[in-house]
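Have a look at the structure below, then the notes.
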Amino acid sequence: MDVLTVDDLSVDFVTPEGRARAVNGVSFSVPENRTVALVGESGSGKTVVSQTIMGLLPEKAHVTGGRVLFRDPATDGAPVDIAQLDRKGATLRAIRGNRIAIIFQEPMTSLSPLHTIGDQIGEAAQLHRGAGPAEARELTREMLSLVRFPDPVRGLDAYPFELSGGLRQRAMIAMAMICHPALLIADEPTTALDVTIQAEILKLMKDVQETLKMSMLLITHDFGVVANMADEVVVVYHGRVMEQGSAAQLFGNPQHAYLKALLNAVPRFGMEPGERLVPIRPIEPHAEGFLKSGRTRAATPGTPLVSLAGVTKRFVTRKAGMFGGKSHALLALDDINLTVNRGECLGLVGESGSGKTTTAKAILRAIEIDEGEIRYDAGAGPVDVSKLSGADLLDYRKRVQLIFQDPFSSLNPRMTVNDLLSEPLVIHKVGTPEERAERVRELMRLVGLDARFLRRYPHSFSGGQRQRIGIARALALNPEFILCDEPTSALDVSVQAQILNLLKDLKRELGLTYLFVSHNLAVVDYIADRIAVMCRGRVVEVAPTRELIENPLHPYTRALLDSVPEPDLDAPLDFARLDAGRASEPDAWPHPYRLTDGMAPTLVETEPGHFVCAPGLAGNAPLSSVKEAVS
Amino acid sequence: MAFYVLRRILTMIPTLLVISLLTFIIIELPAGDYISNQIAALRAAGESASIAKLEFMRSEFALDRPFLERYLIWVGLWPGPHGFDGLIQGNWGWSFEYDKPVAEVVGPTLPLTIVLNTATILFVYVVSFPIGIYSATRQYSWGDYGFTLVGYIGLATPNFLLGLILLYFSNRWFGLSIGGLMDPQYIGEPWSVAKALSILAHLIVPTIVIGTAGTAAMIRRLRANLLDELHKQYVTTARAKGMREARLLLKYPLRMALNPFIADIGNLIPSLVSGSVIVSVVLNLPTVGPVLLNALQSQDQFLSGFVLLFVAILTLFGMLVSDLLLAVLDPRIRLGGKAPS
């Protein structure tokens, strides 16, 4: 029996500019106790479908046709057509949050910061199950232990800002589950989470589904998640269903060109060296003129360009005190030793809070480091970056540039593309106005954008186009070293493939060096030559890409690799192994990896070029014993 | 929490000291002082008989000492002609203009000032909240446009003009006496129910007049704040739980939109006092405002200094209240130090 049947649904948005059809004749159904994945890129209409089912469509959206039939298995009553109900009416309110519940993408903003999570979760029980405050509290406590909150009783009185993203998402799941809904809609439930947390949340959702016998509509753009969670898959594009069927059918034998293209755009492990992703809309960078010849790449590739030696950074958080107060030091970078060679791409991987962005900022000299040295070799021998000043510092700023994570907030909305791209040139007093204009046009061609767009403002571009503008801006000064801080994590997979290919091509054409910061191992695997894994402010493993993926030594690296959901039905996540413990706790790592406070995170070389953080083996231990101990 | 309160109160002490110093500098900025100006005037008129007495007063009030010493004597941290006798010891100084202690000059006006200010703040909040919420939830409706129009008129009309118009009509329709804060027969009388009622009736016009501009500004800000909050994800979360719209609005977005208003209590007070000077003069209100105006004009320095300091203390107190309320209402402020990154 189907819990939910969406039948030929169409939704229009009425705006002053006219009507826009967001959902166009979509039909699918969710069987009892099954998971259906609704897959599509941003703008495909998948979220509008979920809003229609919840009756949460914005004011300007209108259902223009079709039905959304909800059949509650608990009552065996007649199906209700949600599309016909008043969105603010009592009938729909009684279903919403009670029989159909939803989890949102952003656990950071989905909870009110002013109310305890106990209050917010228990509220649904008070509304729908007629529970009193005490009973609601007890139900909430039960729910929190069901979603495996570490300390359910204390969790009741915690405020969202006291919890990590993973815990907040657990609280959201508890809130959705408290009335034991027949249908759970999960709208990108793990997109904002770290990969290890994502795996735990996915496991949790599976377990809860098992316990409560409910159906799930999973909305996602991540085929890795789909492969691990879904029984059936519906692929939508521009408001229409492109293809639907069982997961086995779709992964094994995709029919529609769009689905094939989408699957080809996802980076996966074990791609052949030299194999390229196929973006849906490929772009051709045209490197010419000054960019090609501007700087003479004197130094030979392969020599160290940037080297970090013993870099340590502490952030001091002040606690309110009488006058001044106690200060608490947080070790953001602990004795980082890392080298980026000229012409390579070093991938820097870790969870949020692992210190990878701090490392990038330290290299940029956007923050001052407390200990250690960052040396940069501009061709005339290594120079300590922290001692640069005046013209030397300006020259360094020209050589090292940054590409930001969020293409939406990193471009000033009040500047035209022309202003954005020429600003670095103006700051560094490069060329005459005519030369600058020529350079800006060249930059646009380089990232595959039309020079006619120069007079537009950032808001008229898509996320992928904005990121290309961000890349063009980073290239404006003809740098040799580019720090990429999660440049694709805010983008759709098809656009991600486009940007990754662009970065690869630019690196080859312009002889660039990258430090590529990311939490997505598959992406780093695709683009990086070597990978460094960070955890809690320490580098735990460094190795050439293939070596690291195929022969990971450190328990944290292994956990990280184990928790990446692959878009492949034959390689499901091993949920049982995830249970083994929190792999990101340095205290809990087995010997010789265990790190306690104050211990130096010594790197030991096991193979040529393969370093692992094993303080238990530091000292005079011969190489052979290291290999024995770690294998 | 108790520690937080204590800390906030203790940090008020250095703040007050700095404010008192600044106040003293400001009131001493014009050349000369009240008595030396009088002496100059008497000399010009050729009368020298009473000069000796004024010279005596100059030393009596320590006006002949250096600046820093004068300041410290005023505050009460330095022995003056009569030992330690300043603000700290409860001596608010001497008003030359009125020839009375400052305490006697401002004494009767202080409670009325506080009453009027409190009433005005309450008026601002009570009126602006429902209207602001209405305007935000029914954005671009006729009601929203109507209130916006009224609000702009309220902002644009000169206060004293509005005051005069309201006084005229309240006298014509309700028979209230023009001006003042009570009917003339109660002035100087002991407190009685009738007197209190009379004061309440006379409070209405000044409260509305002084509060209009603040109300209009507050409506605009509440509307803007609430509109921002209404589209946040956590509101959708609450709606997805199946909550009623009205309850949802009060519990989630409104509470988030409240912070700026609570933080504003401290700022409202000085603007109400200084902004209401003209209104108080026009409406003949026995508040601190007109006293301050007179004192500043005639360089009655201890009087003006005290009034300025009084307003500063009111402001600091308002800030304290808003800080404490914020800490109570917003756990992020209360528990701020403990949050894991």
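Labels used: A, B, ... for chains in the order of the structure tokens, numbers from 1 for residues in each chain, and numbers from 1 for ligands as shown.
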At a cut-off of 6 Å, list the chain A residues touching chain B, using only C-alpha atoms, as a PyMOL selection string.
chain A and resi 93+96-97+109-112+114+124+162+319+322
Show me, as a PyMOL selection string, the residues that have an atom within 12 Å of B:Lys195 when counting only C-alpha atoms, minus same-chain residues fewer than 3 positions from it.
chain B and resi 181-192+198-202
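The spacing separating atom CA of B:Gly32 from atom CA of B:Gly107 amounts to 27.1 Å.
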I want to know what sits within 7 Å of A:Ala174, based on only C-alpha atoms, with residues of the same chain fewer than 3 positions away left out; could you give that as a list of chain:residue names?
A:Ile121, A:Met143, A:Leu144, A:Val147, A:Arg170, A:Ala171, A:Met177, A:Ile178
Take the residues from that selection and write them out as a PDB file, in the first residue's frame, keeping C-alpha atoms.
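Everything below was put into result.pdb:
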ATOM      1  CA  ILE A 121      10.903  18.736  20.542  1.00  0.00           C
ATOM      2  CA  MET A 143      13.123  10.264  21.686  1.00  0.00           C
ATOM      3  CA  LEU A 144      16.536  11.695  22.464  1.00  0.00           C
ATOM      4  CA  VAL A 147      18.360   9.137  18.326  1.00  0.00           C
ATOM      5  CA  ARG A 170      19.729  14.381  15.867  1.00  0.00           C
ATOM      6  CA  ALA A 171      17.499  16.765  17.787  1.00  0.00           C
ATOM      7  CA  MET A 177       9.829  11.365  15.149  1.00  0.00           C
ATOM      8  CA  ILE A 178       8.146  12.202  18.425  1.00  0.00           C
TER       9      ILE A 178
END
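Backbone DSSP over stretch 31-241 of chain B yields strand (DSSP E or B) at B:Gly80, B:Pro81, B:Gly83, B:Trp94, B:Ser95, B:Lys100, B:Pro101.
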Please produce a file of those selected residues containing N, CA and C atoms, as a PDB file, in the first residue's frame.
ATOM      1  N   GLY B  80      36.724  70.044  50.606  1.00  0.00           N
ATOM      2  CA  GLY B  80      36.470  71.423  50.203  1.00  0.00           C
ATOM      3  C   GLY B  80      36.586  72.327  51.417  1.00  0.00           C
ATOM      4  N   PRO B  81      35.995  73.518  51.334  1.00  0.00           N
ATOM      5  CA  PRO B  81      36.024  74.453  52.467  1.00  0.00           C
ATOM      6  C   PRO B  81      35.378  73.856  53.717  1.00  0.00           C
ATOM      7  N   GLY B  83      35.281  70.412  54.411  1.00  0.00           N
ATOM      8  CA  GLY B  83      35.615  68.986  54.450  1.00  0.00           C
ATOM      9  C   GLY B  83      34.984  68.258  53.272  1.00  0.00           C
ATOM     10  N   TRP B  94      24.759  73.753  45.127  1.00  0.00           N
ATOM     11  CA  TRP B  94      23.984  74.950  45.389  1.00  0.00           C
ATOM     12  C   TRP B  94      23.565  75.576  44.075  1.00  0.00           C
ATOM     13  N   SER B  95      22.302  75.922  43.977  1.00  0.00           N
ATOM     14  CA  SER B  95      21.864  76.612  42.768  1.00  0.00           C
ATOM     15  C   SER B  95      21.929  78.111  42.999  1.00  0.00           C
ATOM     16  N   LYS B 100      19.098  78.411  46.253  1.00  0.00           N
ATOM     17  CA  LYS B 100      18.612  77.306  47.098  1.00  0.00           C
ATOM     18  C   LYS B 100      19.517  76.106  46.845  1.00  0.00           C
ATOM     19  N   PRO B 101      19.535  75.137  47.736  1.00  0.00           N
ATOM     20  CA  PRO B 101      20.268  73.912  47.399  1.00  0.00           C
ATOM     21  C   PRO B 101      19.642  73.257  46.161  1.00  0.00           C
TER      22      PRO B 101
END
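Computed from the coordinates, the atom CA of A:Ala437 to atom CA of A:Ser460 distance equals 21.2 Å.
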At a cut-off of 6 Å, using only C-alpha atoms, what residues contact A:Ala528? Leave out same-chain residues fewer than 5 positions from it and give the result as a list of chain:residue names.
A:Cys345, A:Leu346, A:Gly347
Export of the given selection (N, CA and C atoms) as a CSV table (one decimal), in the first residue's frame:
chain,number,residue,atom,x,y,z
A,345,CYS,N,49.1,19.7,-6.7
A,345,CYS,CA,47.9,20.1,-5.9
A,345,CYS,C,47.9,19.2,-4.7
A,346,LEU,N,48.0,19.9,-3.5
A,346,LEU,CA,47.9,19.2,-2.3
A,346,LEU,C,46.5,19.3,-1.7
A,347,GLY,N,45.9,18.2,-1.5
A,347,GLY,CA,44.5,18.2,-0.9
A,347,GLY,C,44.6,18.2,0.6
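In this structure, atom CA of A:Gly270 sits 20.7 Å away from atom CA of A:Glu607.
For A:Gln465, the residues within 12 Å (counting only C-alpha atoms, excluding itself and residues fewer than 6 positions away along the chain) are Arg281, Ile283, Pro407, Phe408, Leu411, Val417, Met444, Val447, Gly448, Leu449, Asp450, Phe453, Tyr457, Pro458, His459, Ile471, Ala472, Thr488, Leu491, Asp492, Val495, Gln496, Gln498, Ile499 and Leu502 of chain A.
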Can you write out the residues you just picked, keeping N, CA and C atoms, as a PDB file, in the first residue's frame?
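For reference, result14.pdb as written:
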ATOM      1  N   ARG A 281      27.409  20.684 -18.620  1.00  0.00           N
ATOM      2  CA  ARG A 281      27.690  21.813 -19.512  1.00  0.00           C
ATOM      3  C   ARG A 281      29.191  22.124 -19.429  1.00  0.00           C
ATOM      4  N   ILE A 283      32.946  23.562 -20.040  1.00  0.00           N
ATOM      5  CA  ILE A 283      33.466  24.848 -20.504  1.00  0.00           C
ATOM      6  C   ILE A 283      34.920  24.679 -20.914  1.00  0.00           C
ATOM      7  N   PRO A 407      30.192  31.076  -3.052  1.00  0.00           N
ATOM      8  CA  PRO A 407      30.225  32.038  -4.156  1.00  0.00           C
ATOM      9  C   PRO A 407      29.175  33.139  -3.990  1.00  0.00           C
ATOM     10  N   PHE A 408      28.260  32.969  -3.017  1.00  0.00           N
ATOM     11  CA  PHE A 408      27.210  33.970  -2.874  1.00  0.00           C
ATOM     12  C   PHE A 408      27.661  35.131  -2.005  1.00  0.00           C
ATOM     13  N   LEU A 411      31.241  37.594  -3.194  1.00  0.00           N
ATOM     14  CA  LEU A 411      31.273  38.658  -4.201  1.00  0.00           C
ATOM     15  C   LEU A 411      30.419  39.817  -3.704  1.00  0.00           C
ATOM     16  N   VAL A 417      30.785  42.853 -12.306  1.00  0.00           N
ATOM     17  CA  VAL A 417      31.831  41.866 -12.521  1.00  0.00           C
ATOM     18  C   VAL A 417      33.120  42.574 -12.934  1.00  0.00           C
ATOM     19  N   MET A 444      37.742  36.704 -18.238  1.00  0.00           N
ATOM     20  CA  MET A 444      36.414  36.169 -18.483  1.00  0.00           C
ATOM     21  C   MET A 444      36.490  35.007 -19.465  1.00  0.00           C
ATOM     22  N   VAL A 447      37.743  31.731 -17.855  1.00  0.00           N
ATOM     23  CA  VAL A 447      36.821  30.897 -17.077  1.00  0.00           C
ATOM     24  C   VAL A 447      35.557  30.600 -17.866  1.00  0.00           C
ATOM     25  N   GLY A 448      35.601  30.845 -19.184  1.00  0.00           N
ATOM     26  CA  GLY A 448      34.492  30.462 -20.039  1.00  0.00           C
ATOM     27  C   GLY A 448      33.256  31.323 -19.888  1.00  0.00           C
ATOM     28  N   LEU A 449      33.423  32.574 -19.498  1.00  0.00           N
ATOM     29  CA  LEU A 449      32.273  33.471 -19.409  1.00  0.00           C
ATOM     30  C   LEU A 449      32.366  34.505 -20.530  1.00  0.00           C
ATOM     31  N   ASP A 450      31.200  34.977 -20.943  1.00  0.00           N
ATOM     32  CA  ASP A 450      31.132  35.935 -22.033  1.00  0.00           C
ATOM     33  C   ASP A 450      31.506  37.333 -21.524  1.00  0.00           C
ATOM     34  N   PHE A 453      29.063  39.922 -20.106  1.00  0.00           N
ATOM     35  CA  PHE A 453      28.518  39.885 -18.742  1.00  0.00           C
ATOM     36  C   PHE A 453      29.206  40.880 -17.815  1.00  0.00           C
ATOM     37  N   TYR A 457      25.745  42.539 -12.408  1.00  0.00           N
ATOM     38  CA  TYR A 457      26.039  42.386 -10.979  1.00  0.00           C
ATOM     39  C   TYR A 457      25.964  40.904 -10.603  1.00  0.00           C
ATOM     40  N   PRO A 458      26.629  40.518  -9.497  1.00  0.00           N
ATOM     41  CA  PRO A 458      26.703  39.082  -9.158  1.00  0.00           C
ATOM     42  C   PRO A 458      25.342  38.392  -9.064  1.00  0.00           C
ATOM     43  N   HIS A 459      24.295  39.117  -8.640  1.00  0.00           N
ATOM     44  CA  HIS A 459      23.028  38.413  -8.396  1.00  0.00           C
ATOM     45  C   HIS A 459      22.436  37.820  -9.660  1.00  0.00           C
ATOM     46  N   ILE A 471      36.979  32.576  -9.288  1.00  0.00           N
ATOM     47  CA  ILE A 471      38.243  32.015  -9.767  1.00  0.00           C
ATOM     48  C   ILE A 471      38.971  33.044 -10.631  1.00  0.00           C
ATOM     49  N   ALA A 472      38.203  33.718 -11.496  1.00  0.00           N
ATOM     50  CA  ALA A 472      38.817  34.732 -12.356  1.00  0.00           C
ATOM     51  C   ALA A 472      39.445  35.833 -11.514  1.00  0.00           C
ATOM     52  N   THR A 488      33.916  23.866  -4.118  1.00  0.00           N
ATOM     53  CA  THR A 488      32.753  23.277  -4.780  1.00  0.00           C
ATOM     54  C   THR A 488      31.699  22.785  -3.799  1.00  0.00           C
ATOM     55  N   LEU A 491      28.070  23.805  -4.375  1.00  0.00           N
ATOM     56  CA  LEU A 491      27.566  23.697  -5.749  1.00  0.00           C
ATOM     57  C   LEU A 491      26.938  22.327  -6.017  1.00  0.00           C
ATOM     58  N   ASP A 492      26.089  22.274  -7.029  1.00  0.00           N
ATOM     59  CA  ASP A 492      25.515  21.011  -7.483  1.00  0.00           C
ATOM     60  C   ASP A 492      26.589  20.122  -8.102  1.00  0.00           C
ATOM     61  N   VAL A 495      27.683  21.045 -11.637  1.00  0.00           N
ATOM     62  CA  VAL A 495      28.480  22.259 -11.653  1.00  0.00           C
ATOM     63  C   VAL A 495      29.827  21.997 -10.988  1.00  0.00           C
ATOM     64  N   GLN A 496      29.808  21.166  -9.962  1.00  0.00           N
ATOM     65  CA  GLN A 496      31.059  20.814  -9.284  1.00  0.00           C
ATOM     66  C   GLN A 496      32.043  20.202 -10.275  1.00  0.00           C
ATOM     67  N   GLN A 498      32.149  20.676 -13.424  1.00  0.00           N
ATOM     68  CA  GLN A 498      32.590  21.753 -14.306  1.00  0.00           C
ATOM     69  C   GLN A 498      33.728  22.551 -13.659  1.00  0.00           C
ATOM     70  N   ILE A 499      33.538  22.918 -12.385  1.00  0.00           N
ATOM     71  CA  ILE A 499      34.532  23.739 -11.696  1.00  0.00           C
ATOM     72  C   ILE A 499      35.815  22.940 -11.479  1.00  0.00           C
ATOM     73  N   LEU A 502      37.674  22.801 -14.627  1.00  0.00           N
ATOM     74  CA  LEU A 502      38.243  24.115 -14.917  1.00  0.00           C
ATOM     75  C   LEU A 502      39.523  24.318 -14.100  1.00  0.00           C
TER      76      LEU A 502
END
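Residues in contact range of B:Leu162, defined as at most 10 Å between only C-alpha atoms, with sequence neighbours fewer than 6 positions away removed, read Gly154, Tyr168, Val205, Pro206, Ile208, Val209, Ile210, Thr212 and Val279 of chain B.
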